[in-house]
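Visitor: This one is structure-v4.txt, compact mmCIF, C-alpha atoms.
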# COMPACT_ATOMS: atom_id res chain seq x y z
CA MET A 1294 0.00 0.00 0.00
CA SER A 1295 1.40 3.41 -0.88
CA ALA A 1296 1.40 6.41 1.42
CA SER A 1297 -1.14 9.09 0.69
CA SER A 1298 -2.23 12.48 1.96
CA GLU A 1299 -5.82 13.40 2.76
CA LEU A 1300 -7.62 16.54 3.93
CA THR A 1301 -11.20 17.18 4.95
CA LEU A 1302 -13.13 20.01 6.54
CA VAL A 1303 -15.71 19.38 9.24
CA ARG A 1304 -17.61 21.73 11.54
CA LEU A 1305 -17.93 21.09 15.27
CA PRO A 1306 -21.58 20.78 16.28
CA ALA A 1307 -22.86 24.15 17.54
CA THR A 1308 -23.26 22.89 21.10
CA VAL A 1309 -19.86 21.18 21.44
CA ALA A 1310 -16.51 22.82 22.14
CA LEU A 1311 -13.33 20.80 21.72
CA HIS A 1312 -12.71 20.68 25.49
CA ALA A 1313 -11.28 17.81 27.55
CA ARG A 1314 -13.83 15.03 26.97
CA PRO A 1315 -14.34 15.44 23.20
CA ALA A 1316 -10.65 16.21 22.69
CA GLY A 1317 -9.77 13.03 24.59
CA ALA A 1318 -12.05 10.97 22.36
CA PHE A 1319 -10.47 12.59 19.29
CA VAL A 1320 -6.91 11.88 20.49
CA ARG A 1321 -7.73 8.25 21.32
CA ALA A 1322 -9.20 7.75 17.85
CA ALA A 1323 -6.26 9.50 16.15
CA ALA A 1324 -3.76 7.40 18.10
CA SER A 1325 -5.24 4.24 16.61
CA PHE A 1326 -3.86 5.18 13.18
CA ALA A 1327 -0.27 5.00 11.98
CA ALA A 1328 -0.71 8.12 9.83
CA THR A 1329 0.63 11.50 10.85
CA ILE A 1330 -2.51 13.50 11.61
CA GLU A 1331 -2.94 17.23 12.16
CA ILE A 1332 -5.97 19.34 12.97
CA GLU A 1333 -6.30 23.05 12.28
CA ALA A 1334 -8.75 25.54 13.76
CA ASN A 1335 -8.75 29.28 14.33
CA GLY A 1336 -5.52 29.65 12.34
CA ARG A 1337 -3.66 27.22 14.63
CA ARG A 1338 -2.37 23.75 13.80
CA ALA A 1339 -2.00 20.85 16.24
CA ASN A 1340 -0.78 17.27 16.29
CA ALA A 1341 -4.04 15.28 16.49
CA LYS A 1342 -2.40 12.78 18.85
CA SER A 1343 -1.60 15.45 21.48
CA ILE A 1344 -4.39 16.41 23.87
CA LEU A 1345 -2.55 19.53 25.01
CA GLU A 1346 -2.10 20.79 21.46
CA ILE A 1347 -5.77 20.13 20.63
CA LEU A 1348 -6.97 21.91 23.75
CA ALA A 1349 -4.76 24.89 22.83
CA LEU A 1350 -6.71 25.31 19.58
CA GLY A 1351 -9.58 26.82 21.57
CA ALA A 1352 -12.17 25.40 19.16
CA ASP A 1353 -15.69 26.34 20.23
CA GLY A 1354 -18.95 24.92 18.92
CA GLY A 1355 -19.49 25.72 15.26
CA THR A 1356 -15.76 26.07 14.52
CA GLU A 1357 -14.59 24.64 11.21
CA LEU A 1358 -11.79 22.09 11.59
CA ALA A 1359 -9.36 21.01 8.90
CA ILE A 1360 -8.21 17.44 9.49
CA SER A 1361 -5.21 16.32 7.46
CA ALA A 1362 -3.28 13.08 7.46
CA SER A 1363 -0.41 11.48 5.60
CA GLY A 1364 0.56 7.84 5.58
CA ASP A 1365 -0.75 4.46 4.52
CA ASP A 1366 -4.02 4.76 6.47
CA ALA A 1367 -4.53 8.52 5.91
CA ALA A 1368 -7.85 8.21 4.07
CA GLU A 1369 -9.35 5.97 6.74
CA ALA A 1370 -8.03 8.21 9.53
CA VAL A 1371 -9.48 11.41 8.07
CA ALA A 1372 -12.85 9.78 7.35
CA ASP A 1373 -13.14 8.23 10.81
CA LEU A 1374 -12.10 11.42 12.61
CA ALA A 1375 -14.50 13.55 10.56
CA ARG A 1376 -17.33 11.15 11.49
CA LEU A 1377 -16.32 11.35 15.14
CA VAL A 1378 -16.38 15.17 15.12
CA ALA A 1379 -19.72 15.32 13.32
CA GLY A 1380 -21.22 12.93 15.87
CA LEU A 1381 -20.04 14.73 19.01
CA SER A 1382 -22.78 15.80 21.40
For this file, produce the structure as structure tokens.

Guide:
Amino acid sequence: MSASSELTLVRLPATVALHARPAGAFVRAAASFAATIEIEANGRRANAKSILEILALGADGGTELAISASGDDAAEAVADLARLVAGLS
């Protein structure tokens, strides 16, 4: 399998900020992939496998997130993480 790069945009649900609990779920999901994964919000970029970096994004409900990944499982990682974000409540 060849390495690939993927990018998708997803909006946080209006009632959900990317605080400790949702950020923890995101980091646990991201850590299950071998790909290098980054998330961008509010003009800041973070390693998706670092809870501290994700919390520092300060992403409130309704914020658009750019999720990017590179590696063999990049497409699966981006799709799964986008689904996770869309389903947060």

Visitor: At most 9 Å from (-19.1, 15.7, 15.6), file frame, all atoms listed in the file: which residues, as a list in words?

Guide: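 Checking each residue against the 9 Å limit leaves Val1303, Arg1304, Leu1305, Pro1306, Val1309, Pro1315, Leu1374, Ala1375, Arg1376, Leu1377, Val1378, Ala1379, Gly1380, Leu1381 and Ser1382 of chain A.
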
Visitor: Quick one: what's the axis-aligned box for region 1309-1328 of chain A, all listed atoms, 3 Å on every side, centre and edges in Å to one decimal, as AutoDock Vina command-line options?

Guide:
--center_x -10.1 --center_y 13.5 --center_z 18.7 --size_x 25.6 --size_y 24.6 --size_z 23.7

Visitor: Identify the residues around (-4.1, 8.8, 15.6) within a radius of 12 Å, measuring from only C-alpha atoms in the coordinates stated by the file, and give them as a ChimeraX atom specification.

Guide: /A:1317-1332,1340-1344,1360-1364,1366-1367,1369-1371,1373-1374

Visitor: So how far away is CA of Ser1297 (chain A) from CA of Gly1336 (chain A), in Å?

Guide: 24.0 Å

Visitor: Any idea what the distance is between CA of Glu1333 (chain A) and CA of Arg1314 (chain A)?

Guide: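 Taking CA of Glu1333 (chain A) as the start and CA of Arg1314 (chain A) as the end point, the length is 18.4 Å.
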
Visitor: To one decimal place in Å, what is the distance between CA of Ala1307 (chain A) and CA of Ala1352 (chain A)?

Guide: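 Separating CA of Ala1307 (chain A) from CA of Ala1352 (chain A) is a distance of 10.9 Å.
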